[in-house]
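File shown: work_9.pdb (PDB, N, CA and C atoms).
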```
ATOM      1  N   ARG K1238      85.674 128.882  97.886  1.00  0.00           N
ATOM      2  CA  ARG K1238      84.278 128.645  98.131  1.00  0.00           C
ATOM      3  C   ARG K1238      83.996 128.955  99.590  1.00  0.00           C
ATOM      4  N   ASN K1239      82.961 129.701  99.832  1.00  0.00           N
ATOM      5  CA  ASN K1239      82.554 130.038 101.194  1.00  0.00           C
ATOM      6  C   ASN K1239      81.729 128.906 101.784  1.00  0.00           C
ATOM      7  N   GLU K1240      81.932 128.667 103.063  1.00  0.00           N
ATOM      8  CA  GLU K1240      81.161 127.657 103.776  1.00  0.00           C
ATOM      9  C   GLU K1240      80.699 128.236 105.104  1.00  0.00           C
ATOM     10  N   VAL K1241      79.509 127.843 105.508  1.00  0.00           N
ATOM     11  CA  VAL K1241      78.985 128.262 106.809  1.00  0.00           C
ATOM     12  C   VAL K1241      79.713 127.457 107.883  1.00  0.00           C
ATOM     13  N   VAL K1242      80.152 128.143 108.929  1.00  0.00           N
ATOM     14  CA  VAL K1242      80.829 127.497 110.050  1.00  0.00           C
ATOM     15  C   VAL K1242      79.928 127.630 111.268  1.00  0.00           C
ATOM     16  N   HIS K1243      79.738 126.530 111.970  1.00  0.00           N
ATOM     17  CA  HIS K1243      78.923 126.528 113.185  1.00  0.00           C
ATOM     18  C   HIS K1243      79.832 126.468 114.415  1.00  0.00           C
ATOM     19  N   ALA K1244      79.408 127.129 115.465  1.00  0.00           N
ATOM     20  CA  ALA K1244      80.104 127.083 116.753  1.00  0.00           C
ATOM     21  C   ALA K1244      79.054 127.117 117.844  1.00  0.00           C
ATOM     22  N   ASP K1245      79.167 126.241 118.794  1.00  0.00           N
ATOM     23  CA  ASP K1245      78.238 126.172 119.921  1.00  0.00           C
ATOM     24  C   ASP K1245      76.796 126.012 119.440  1.00  0.00           C
ATOM     25  N   GLY K1246      76.623 125.232 118.351  1.00  0.00           N
ATOM     26  CA  GLY K1246      75.301 124.915 117.833  1.00  0.00           C
ATOM     27  C   GLY K1246      74.636 125.988 116.992  1.00  0.00           C
ATOM     28  N   ALA K1247      75.335 127.067 116.659  1.00  0.00           N
ATOM     29  CA  ALA K1247      74.746 128.153 115.864  1.00  0.00           C
ATOM     30  C   ALA K1247      75.736 128.604 114.797  1.00  0.00           C
ATOM     31  N   ILE K1248      75.243 129.339 113.802  1.00  0.00           N
ATOM     32  CA  ILE K1248      76.136 129.898 112.779  1.00  0.00           C
ATOM     33  C   ILE K1248      77.072 130.889 113.453  1.00  0.00           C
ATOM     34  N   LEU K1249      78.352 130.761 113.166  1.00  0.00           N
ATOM     35  CA  LEU K1249      79.363 131.616 113.770  1.00  0.00           C
ATOM     36  C   LEU K1249      79.226 133.035 113.224  1.00  0.00           C
ATOM     37  N   LYS K1250      79.070 134.005 114.119  1.00  0.00           N
ATOM     38  CA  LYS K1250      78.991 135.419 113.763  1.00  0.00           C
ATOM     39  C   LYS K1250      79.851 136.205 114.729  1.00  0.00           C
ATOM     40  N   LEU K1251      80.550 137.203 114.185  1.00  0.00           N
ATOM     41  CA  LEU K1251      81.395 138.064 115.014  1.00  0.00           C
ATOM     42  C   LEU K1251      81.085 139.520 114.742  1.00  0.00           C
ATOM     43  N   PRO K1252      81.325 140.390 115.733  1.00  0.00           N
ATOM     44  CA  PRO K1252      81.166 141.823 115.485  1.00  0.00           C
ATOM     45  C   PRO K1252      82.303 142.318 114.597  1.00  0.00           C
ATOM     46  N   GLY K1253      82.083 143.406 113.911  1.00  0.00           N
ATOM     47  CA  GLY K1253      83.103 143.987 113.063  1.00  0.00           C
ATOM     48  C   GLY K1253      82.781 143.794 111.597  1.00  0.00           C
ATOM     49  N   THR K1254      83.714 144.197 110.756  1.00  0.00           N
ATOM     50  CA  THR K1254      83.455 144.188 109.314  1.00  0.00           C
ATOM     51  C   THR K1254      84.181 143.065 108.590  1.00  0.00           C
ATOM     52  N   VAL K1255      85.425 142.876 108.840  1.00  0.00           N
ATOM     53  CA  VAL K1255      86.228 141.853 108.161  1.00  0.00           C
ATOM     54  C   VAL K1255      86.796 140.925 109.226  1.00  0.00           C
ATOM     55  N   THR K1256      86.702 139.625 108.987  1.00  0.00           N
ATOM     56  CA  THR K1256      87.208 138.654 109.951  1.00  0.00           C
ATOM     57  C   THR K1256      88.307 137.827 109.314  1.00  0.00           C
ATOM     58  N   THR K1257      89.385 137.637 110.035  1.00  0.00           N
ATOM     59  CA  THR K1257      90.482 136.778 109.595  1.00  0.00           C
ATOM     60  C   THR K1257      90.527 135.579 110.520  1.00  0.00           C
ATOM     61  N   LEU K1258      90.679 134.399 109.938  1.00  0.00           N
ATOM     62  CA  LEU K1258      90.698 133.198 110.772  1.00  0.00           C
ATOM     63  C   LEU K1258      91.997 132.434 110.582  1.00  0.00           C
ATOM     64  N   ARG K1259      92.378 131.763 111.628  1.00  0.00           N
ATOM     65  CA  ARG K1259      93.539 130.878 111.613  1.00  0.00           C
ATOM     66  C   ARG K1259      93.153 129.599 112.331  1.00  0.00           C
ATOM     67  N   LEU K1260      93.617 128.474 111.819  1.00  0.00           N
ATOM     68  CA  LEU K1260      93.479 127.199 112.507  1.00  0.00           C
ATOM     69  C   LEU K1260      94.782 126.955 113.239  1.00  0.00           C
ATOM     70  N   VAL K1261      94.714 126.804 114.544  1.00  0.00           N
ATOM     71  CA  VAL K1261      95.902 126.643 115.366  1.00  0.00           C
ATOM     72  C   VAL K1261      95.540 125.803 116.583  1.00  0.00           C
ATOM     73  N   ASP K1262      96.459 125.000 117.053  1.00  0.00           N
ATOM     74  CA  ASP K1262      96.216 124.213 118.263  1.00  0.00           C
ATOM     75  C   ASP K1262      96.472 125.098 119.474  1.00  0.00           C
ATOM     76  N   TRP K1263      95.568 126.018 119.735  1.00  0.00           N
ATOM     77  CA  TRP K1263      95.713 126.994 120.815  1.00  0.00           C
ATOM     78  C   TRP K1263      95.696 126.329 122.183  1.00  0.00           C
ATOM     79  N   THR K1264      94.870 125.283 122.333  1.00  0.00           N
ATOM     80  CA  THR K1264      94.693 124.643 123.635  1.00  0.00           C
ATOM     81  C   THR K1264      95.726 123.560 123.916  1.00  0.00           C
ATOM     82  N   GLY K1265      96.548 123.202 122.928  1.00  0.00           N
ATOM     83  CA  GLY K1265      97.609 122.227 123.133  1.00  0.00           C
ATOM     84  C   GLY K1265      97.147 120.782 123.232  1.00  0.00           C
ATOM     85  N   ASP K1266      95.948 120.484 122.714  1.00  0.00           N
ATOM     86  CA  ASP K1266      95.430 119.119 122.798  1.00  0.00           C
ATOM     87  C   ASP K1266      95.555 118.335 121.497  1.00  0.00           C
ATOM     88  N   GLY K1267      96.256 118.888 120.515  1.00  0.00           N
ATOM     89  CA  GLY K1267      96.455 118.203 119.240  1.00  0.00           C
ATOM     90  C   GLY K1267      95.343 118.437 118.237  1.00  0.00           C
ATOM     91  N   LYS K1268      94.293 119.188 118.611  1.00  0.00           N
ATOM     92  CA  LYS K1268      93.188 119.490 117.698  1.00  0.00           C
ATOM     93  C   LYS K1268      93.261 120.950 117.267  1.00  0.00           C
ATOM     94  N   LEU K1269      92.941 121.207 115.994  1.00  0.00           N
ATOM     95  CA  LEU K1269      93.007 122.564 115.469  1.00  0.00           C
ATOM     96  C   LEU K1269      91.786 123.368 115.909  1.00  0.00           C
ATOM     97  N   ASP K1270      92.047 124.441 116.624  1.00  0.00           N
ATOM     98  CA  ASP K1270      91.019 125.354 117.105  1.00  0.00           C
ATOM     99  C   ASP K1270      90.907 126.522 116.124  1.00  0.00           C
ATOM    100  N   LEU K1271      89.787 127.244 116.169  1.00  0.00           N
ATOM    101  CA  LEU K1271      89.605 128.444 115.357  1.00  0.00           C
ATOM    102  C   LEU K1271      89.997 129.667 116.177  1.00  0.00           C
ATOM    103  N   LEU K1272      90.895 130.462 115.641  1.00  0.00           N
ATOM    104  CA  LEU K1272      91.278 131.731 116.238  1.00  0.00           C
ATOM    105  C   LEU K1272      90.852 132.795 115.241  1.00  0.00           C
ATOM    106  N   LEU K1273      89.960 133.701 115.655  1.00  0.00           N
ATOM    107  CA  LEU K1273      89.401 134.695 114.744  1.00  0.00           C
ATOM    108  C   LEU K1273      89.637 136.100 115.259  1.00  0.00           C
ATOM    109  N   GLY K1274      90.040 136.972 114.345  1.00  0.00           N
ATOM    110  CA  GLY K1274      90.177 138.388 114.653  1.00  0.00           C
ATOM    111  C   GLY K1274      89.282 139.168 113.719  1.00  0.00           C
ATOM    112  N   SER K1275      88.533 140.125 114.254  1.00  0.00           N
ATOM    113  CA  SER K1275      87.654 140.939 113.413  1.00  0.00           C
ATOM    114  C   SER K1275      88.084 142.391 113.493  1.00  0.00           C
ATOM    115  N   MET K1276      87.898 143.088 112.380  1.00  0.00           N
ATOM    116  CA  MET K1276      88.243 144.505 112.311  1.00  0.00           C
ATOM    117  C   MET K1276      87.009 145.336 112.577  1.00  0.00           C
ATOM    118  N   GLY K1277      87.205 146.463 113.188  1.00  0.00           N
ATOM    119  CA  GLY K1277      86.104 147.399 113.400  1.00  0.00           C
ATOM    120  C   GLY K1277      85.885 148.234 112.158  1.00  0.00           C
ATOM    121  N   ASP K1278      84.925 149.107 112.222  1.00  0.00           N
ATOM    122  CA  ASP K1278      84.607 150.006 111.122  1.00  0.00           C
ATOM    123  C   ASP K1278      85.472 151.245 111.255  1.00  0.00           C
ATOM    124  N   ALA K1279      86.490 151.341 110.443  1.00  0.00           N
ATOM    125  CA  ALA K1279      87.440 152.456 110.530  1.00  0.00           C
ATOM    126  C   ALA K1279      86.849 153.778 110.066  1.00  0.00           C
ATOM    127  N   TYR K1280      85.665 153.751 109.448  1.00  0.00           N
ATOM    128  CA  TYR K1280      85.097 154.956 108.870  1.00  0.00           C
ATOM    129  C   TYR K1280      83.938 155.529 109.676  1.00  0.00           C
ATOM    130  N   SER K1281      83.685 155.000 110.845  1.00  0.00           N
ATOM    131  CA  SER K1281      82.606 155.527 111.681  1.00  0.00           C
ATOM    132  C   SER K1281      83.016 155.432 113.143  1.00  0.00           C
ATOM    133  N   ARG K1282      82.118 155.767 114.014  1.00  0.00           N
ATOM    134  CA  ARG K1282      82.391 155.708 115.451  1.00  0.00           C
ATOM    135  C   ARG K1282      81.836 154.434 116.064  1.00  0.00           C
ATOM    136  N   GLY K1283      81.562 153.429 115.248  1.00  0.00           N
ATOM    137  CA  GLY K1283      81.021 152.167 115.732  1.00  0.00           C
ATOM    138  C   GLY K1283      82.051 151.349 116.491  1.00  0.00           C
ATOM    139  N   ALA K1284      81.606 150.224 116.984  1.00  0.00           N
ATOM    140  CA  ALA K1284      82.485 149.337 117.747  1.00  0.00           C
ATOM    141  C   ALA K1284      83.592 148.796 116.871  1.00  0.00           C
ATOM    142  N   GLY K1285      84.709 148.501 117.492  1.00  0.00           N
ATOM    143  CA  GLY K1285      85.838 147.916 116.798  1.00  0.00           C
ATOM    144  C   GLY K1285      85.757 146.407 116.805  1.00  0.00           C
ATOM    145  N   GLY K1286      86.802 145.786 116.361  1.00  0.00           N
ATOM    146  CA  GLY K1286      86.853 144.326 116.322  1.00  0.00           C
ATOM    147  C   GLY K1286      87.475 143.764 117.583  1.00  0.00           C
ATOM    148  N   GLY K1287      87.592 142.456 117.629  1.00  0.00           N
ATOM    149  CA  GLY K1287      88.185 141.768 118.764  1.00  0.00           C
ATOM    150  C   GLY K1287      88.845 140.483 118.297  1.00  0.00           C
ATOM    151  N   VAL K1288      89.328 139.699 119.250  1.00  0.00           N
ATOM    152  CA  VAL K1288      89.964 138.409 118.951  1.00  0.00           C
ATOM    153  C   VAL K1288      89.260 137.347 119.786  1.00  0.00           C
ATOM    154  N   PHE K1289      88.889 136.242 119.117  1.00  0.00           N
ATOM    155  CA  PHE K1289      88.072 135.208 119.749  1.00  0.00           C
ATOM    156  C   PHE K1289      88.622 133.823 119.442  1.00  0.00           C
ATOM    157  N   LEU K1290      88.502 132.938 120.413  1.00  0.00           N
ATOM    158  CA  LEU K1290      88.925 131.549 120.268  1.00  0.00           C
ATOM    159  C   LEU K1290      87.695 130.653 120.319  1.00  0.00           C
ATOM    160  N   PHE K1291      87.617 129.726 119.374  1.00  0.00           N
ATOM    161  CA  PHE K1291      86.573 128.700 119.364  1.00  0.00           C
ATOM    162  C   PHE K1291      87.301 127.364 119.456  1.00  0.00           C
ATOM    163  N   ALA K1292      87.294 126.750 120.624  1.00  0.00           N
ATOM    164  CA  ALA K1292      88.013 125.493 120.842  1.00  0.00           C
ATOM    165  C   ALA K1292      87.324 124.358 120.086  1.00  0.00           C
ATOM    166  N   ASN K1293      88.134 123.486 119.499  1.00  0.00           N
ATOM    167  CA  ASN K1293      87.635 122.316 118.775  1.00  0.00           C
ATOM    168  C   ASN K1293      87.298 121.234 119.794  1.00  0.00           C
ATOM    169  N   GLU K1294      86.014 120.938 119.931  1.00  0.00           N
ATOM    170  CA  GLU K1294      85.561 119.910 120.859  1.00  0.00           C
ATOM    171  C   GLU K1294      85.328 118.581 120.147  1.00  0.00           C
ATOM    172  N   GLY K1295      85.597 118.555 118.841  1.00  0.00           N
ATOM    173  CA  GLY K1295      85.462 117.332 118.051  1.00  0.00           C
ATOM    174  C   GLY K1295      86.839 116.758 117.759  1.00  0.00           C
ATOM    175  N   THR K1296      87.085 116.472 116.502  1.00  0.00           N
ATOM    176  CA  THR K1296      88.376 115.961 116.042  1.00  0.00           C
ATOM    177  C   THR K1296      88.851 116.828 114.886  1.00  0.00           C
ATOM    178  N   ASN K1297      90.086 116.621 114.445  1.00  0.00           N
ATOM    179  CA  ASN K1297      90.562 117.371 113.287  1.00  0.00           C
ATOM    180  C   ASN K1297      89.790 116.983 112.026  1.00  0.00           C
ATOM    181  N   GLY K1298      89.395 115.711 111.915  1.00  0.00           N
ATOM    182  CA  GLY K1298      88.640 115.256 110.751  1.00  0.00           C
ATOM    183  C   GLY K1298      87.179 115.665 110.773  1.00  0.00           C
ATOM    184  N   ALA K1299      86.629 115.855 111.953  1.00  0.00           N
ATOM    185  CA  ALA K1299      85.232 116.266 112.131  1.00  0.00           C
ATOM    186  C   ALA K1299      85.174 117.289 113.256  1.00  0.00           C
ATOM    187  N   PRO K1300      85.645 118.518 112.977  1.00  0.00           N
ATOM    188  CA  PRO K1300      85.695 119.527 114.033  1.00  0.00           C
ATOM    189  C   PRO K1300      84.304 119.930 114.502  1.00  0.00           C
ATOM    190  N   ARG K1301      84.217 120.248 115.783  1.00  0.00           N
ATOM    191  CA  ARG K1301      82.996 120.790 116.392  1.00  0.00           C
ATOM    192  C   ARG K1301      83.475 121.896 117.338  1.00  0.00           C
ATOM    193  N   TYR K1302      83.152 123.119 116.988  1.00  0.00           N
ATOM    194  CA  TYR K1302      83.673 124.262 117.736  1.00  0.00           C
ATOM    195  C   TYR K1302      82.717 124.687 118.836  1.00  0.00           C
ATOM    196  N   GLY K1303      83.271 124.979 119.988  1.00  0.00           N
ATOM    197  CA  GLY K1303      82.488 125.377 121.147  1.00  0.00           C
ATOM    198  C   GLY K1303      82.178 126.860 121.163  1.00  0.00           C
ATOM    199  N   ALA K1304      81.685 127.311 122.291  1.00  0.00           N
ATOM    200  CA  ALA K1304      81.341 128.725 122.481  1.00  0.00           C
ATOM    201  C   ALA K1304      82.589 129.598 122.393  1.00  0.00           C
ATOM    202  N   PRO K1305      82.439 130.844 121.954  1.00  0.00           N
ATOM    203  CA  PRO K1305      83.603 131.723 121.831  1.00  0.00           C
ATOM    204  C   PRO K1305      84.180 132.096 123.189  1.00  0.00           C
ATOM    205  N   GLN K1306      85.489 132.160 123.213  1.00  0.00           N
ATOM    206  CA  GLN K1306      86.219 132.685 124.365  1.00  0.00           C
ATOM    207  C   GLN K1306      86.861 133.987 123.890  1.00  0.00           C
ATOM    208  N   THR K1307      86.607 135.063 124.571  1.00  0.00           N
ATOM    209  CA  THR K1307      87.135 136.365 124.166  1.00  0.00           C
ATOM    210  C   THR K1307      88.571 136.508 124.639  1.00  0.00           C
ATOM    211  N   LEU K1308      89.482 136.720 123.701  1.00  0.00           N
ATOM    212  CA  LEU K1308      90.888 136.957 124.042  1.00  0.00           C
ATOM    213  C   LEU K1308      91.175 138.452 124.092  1.00  0.00           C
ATOM    214  N   ILE K1309      90.596 139.205 123.170  1.00  0.00           N
ATOM    215  CA  ILE K1309      90.672 140.683 123.179  1.00  0.00           C
ATOM    216  C   ILE K1309      89.256 141.187 122.934  1.00  0.00           C
ATOM    217  N   ARG K1310      88.722 141.921 123.880  1.00  0.00           N
ATOM    218  CA  ARG K1310      87.349 142.412 123.775  1.00  0.00           C
ATOM    219  C   ARG K1310      87.180 143.399 122.626  1.00  0.00           C
ATOM    220  N   VAL K1311      85.958 143.467 122.128  1.00  0.00           N
ATOM    221  CA  VAL K1311      85.595 144.431 121.101  1.00  0.00           C
ATOM    222  C   VAL K1311      85.697 145.829 121.705  1.00  0.00           C
ATOM    223  N   SER K1312      86.408 146.727 121.017  1.00  0.00           N
ATOM    224  CA  SER K1312      86.526 148.097 121.514  1.00  0.00           C
ATOM    225  C   SER K1312      85.228 148.845 121.246  1.00  0.00           C
ATOM    226  N   GLN K1313      84.935 149.823 122.053  1.00  0.00           N
ATOM    227  CA  GLN K1313      83.699 150.584 121.902  1.00  0.00           C
ATOM    228  C   GLN K1313      83.894 151.884 121.146  1.00  0.00           C
ATOM    229  N   LYS K1314      85.112 152.190 120.738  1.00  0.00           N
ATOM    230  CA  LYS K1314      85.399 153.418 119.980  1.00  0.00           C
ATOM    231  C   LYS K1314      86.150 153.080 118.734  1.00  0.00           C
TER     232      LYS K1314
END
```

Rewrite the structure from the file as structure tokens, please.
Amino acid sequence: RNEVVHADGAILKLPGTVTTLRLVDWTGDGKLDLLLGSMGDAYSRGAGGGVFLFANEGTNGAPRYGAPQTLIRVSQK
């Protein structure tokens, strides 16, 4: 079942076509953060995907994700 995910008070949206997500304690604080990678459009000259971190500012039981932190920028080719 698909669910809308909010980050930084808005619906989470990323550039690219397909997004893969992982829950991981990236920040080392014991809370599961969202780590997302998006793929670019392999069939055109549009922008590629990138890798983004959304830190959990809530709890594991009631996560609240903050603004995205870019780990790998979206490619322009």

Checklist entry - Which distance in Å separates atom CA of Ala1304 of chain K and atom CA of Ala1244 of chain K, to one decimal? => result 6.1 Å

Item to check | Those in chain K with strand (DSSP E or B) from DSSP, as a PyMOL selection string | outcome: chain K and resi 1243-1244+1247-1248+1256-1261+1270-1275+1288-1293+1302-1309

Item to check | Long-range neighbours of Thr1254 of chain K as a ChimeraX atom specification, 7 Å cut-off, all atoms listed in the file, 5 positions minimum in chain | outcome: /K:1275-1278,1285-1286

Checklist entry - Nearest to Val1255 of chain K among K:Arg1310, K:Glu1240, K:Lys1268, K:Gly1274, with distances taken over only N, CA and C atoms: which residue is it? => result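 Ranking K:Arg1310, K:Glu1240, K:Lys1268, K:Gly1274 by distance to Val1255 of chain K, first place goes to K:Gly1274.
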
Next on the checklist: Report, in Å with one decimal, the straight-line distance from atom N of Thr1264 of chain K to atom N of Ala1247 of chain K.
Outcome noted: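 Taking atom N of Thr1264 of chain K as the start and atom N of Ala1247 of chain K as the end point, the length is 20.4 Å.
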
Please list, as a PDB file with N, CA and C atoms, keeping the file's coordinate frame, the residues that have an atom at most 6.5 Å away from (94.6, 134.0, 111.0) in the coordinates of this file, counting all atoms listed in the file.
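Below is the file that was written, out_37.pdb:
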```
ATOM      1  N   THR K1257      89.385 137.637 110.035  1.00  0.00           N
ATOM      2  CA  THR K1257      90.482 136.778 109.595  1.00  0.00           C
ATOM      3  C   THR K1257      90.527 135.579 110.520  1.00  0.00           C
ATOM      4  N   LEU K1258      90.679 134.399 109.938  1.00  0.00           N
ATOM      5  CA  LEU K1258      90.698 133.198 110.772  1.00  0.00           C
ATOM      6  C   LEU K1258      91.997 132.434 110.582  1.00  0.00           C
ATOM      7  N   ARG K1259      92.378 131.763 111.628  1.00  0.00           N
ATOM      8  CA  ARG K1259      93.539 130.878 111.613  1.00  0.00           C
ATOM      9  C   ARG K1259      93.153 129.599 112.331  1.00  0.00           C
ATOM     10  N   LEU K1260      93.617 128.474 111.819  1.00  0.00           N
ATOM     11  CA  LEU K1260      93.479 127.199 112.507  1.00  0.00           C
ATOM     12  C   LEU K1260      94.782 126.955 113.239  1.00  0.00           C
ATOM     13  N   LEU K1272      90.895 130.462 115.641  1.00  0.00           N
ATOM     14  CA  LEU K1272      91.278 131.731 116.238  1.00  0.00           C
ATOM     15  C   LEU K1272      90.852 132.795 115.241  1.00  0.00           C
ATOM     16  N   LEU K1273      89.960 133.701 115.655  1.00  0.00           N
ATOM     17  CA  LEU K1273      89.401 134.695 114.744  1.00  0.00           C
ATOM     18  C   LEU K1273      89.637 136.100 115.259  1.00  0.00           C
ATOM     19  N   GLY K1274      90.040 136.972 114.345  1.00  0.00           N
ATOM     20  CA  GLY K1274      90.177 138.388 114.653  1.00  0.00           C
ATOM     21  C   GLY K1274      89.282 139.168 113.719  1.00  0.00           C
TER      22      GLY K1274
END
```

Checklist entry - Near segment 1299-1301 of chain K, counting only N, CA and C atoms, which residues have an atom at most 6.5 Å away, once you skip same-chain residues fewer than 6 positions from it, shown as a VMD selection string? => result chain K and resid 1244 to 1245 1292 to 1293

In file coordinates, which residues lie within 5 Å of (91.3, 139.3, 119.9) using all atoms listed in the file, given as a tab-separated table (two decimals) with N, CA and C atoms, in the frame of the given file?
```tsv
chain	number	residue	atom	x	y	z
K	1287	GLY	N	87.59	142.46	117.63
K	1287	GLY	CA	88.18	141.77	118.76
K	1287	GLY	C	88.84	140.48	118.30
K	1288	VAL	N	89.33	139.70	119.25
K	1288	VAL	CA	89.96	138.41	118.95
K	1288	VAL	C	89.26	137.35	119.79
K	1289	PHE	N	88.89	136.24	119.12
K	1289	PHE	CA	88.07	135.21	119.75
K	1289	PHE	C	88.62	133.82	119.44
K	1308	LEU	N	89.48	136.72	123.70
K	1308	LEU	CA	90.89	136.96	124.04
K	1308	LEU	C	91.18	138.45	124.09
K	1309	ILE	N	90.60	139.21	123.17
K	1309	ILE	CA	90.67	140.68	123.18
K	1309	ILE	C	89.26	141.19	122.93
```

Checklist entry - Distance atom C of Leu1269 of chain K-atom C of Ser1312 of chain K, one decimal place? => result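 Between atom C of Leu1269 of chain K and atom C of Ser1312 of chain K the gap works out to 26.8 Å.
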
Report as an mmCIF file with N, CA and C atoms, keeping the file's coordinate frame the full result of the PyMOL selection byres (((chain K and resi 1306 and name CA) around 6) and name CA) when it is applied to this structure.
```cif
data_model
loop_
_atom_site.group_PDB
_atom_site.id
_atom_site.type_symbol
_atom_site.label_atom_id
_atom_site.label_comp_id
_atom_site.auth_asym_id
_atom_site.auth_seq_id
_atom_site.Cartn_x
_atom_site.Cartn_y
_atom_site.Cartn_z
ATOM 1 N N PHE K 1289 88.889 136.242 119.117
ATOM 2 C CA PHE K 1289 88.072 135.208 119.749
ATOM 3 C C PHE K 1289 88.622 133.823 119.442
ATOM 4 N N LEU K 1290 88.502 132.938 120.413
ATOM 5 C CA LEU K 1290 88.925 131.549 120.268
ATOM 6 C C LEU K 1290 87.695 130.653 120.319
ATOM 7 N N PRO K 1305 82.439 130.844 121.954
ATOM 8 C CA PRO K 1305 83.603 131.723 121.831
ATOM 9 C C PRO K 1305 84.180 132.096 123.189
ATOM 10 N N THR K 1307 86.607 135.063 124.571
ATOM 11 C CA THR K 1307 87.135 136.365 124.166
ATOM 12 C C THR K 1307 88.571 136.508 124.639
#
```
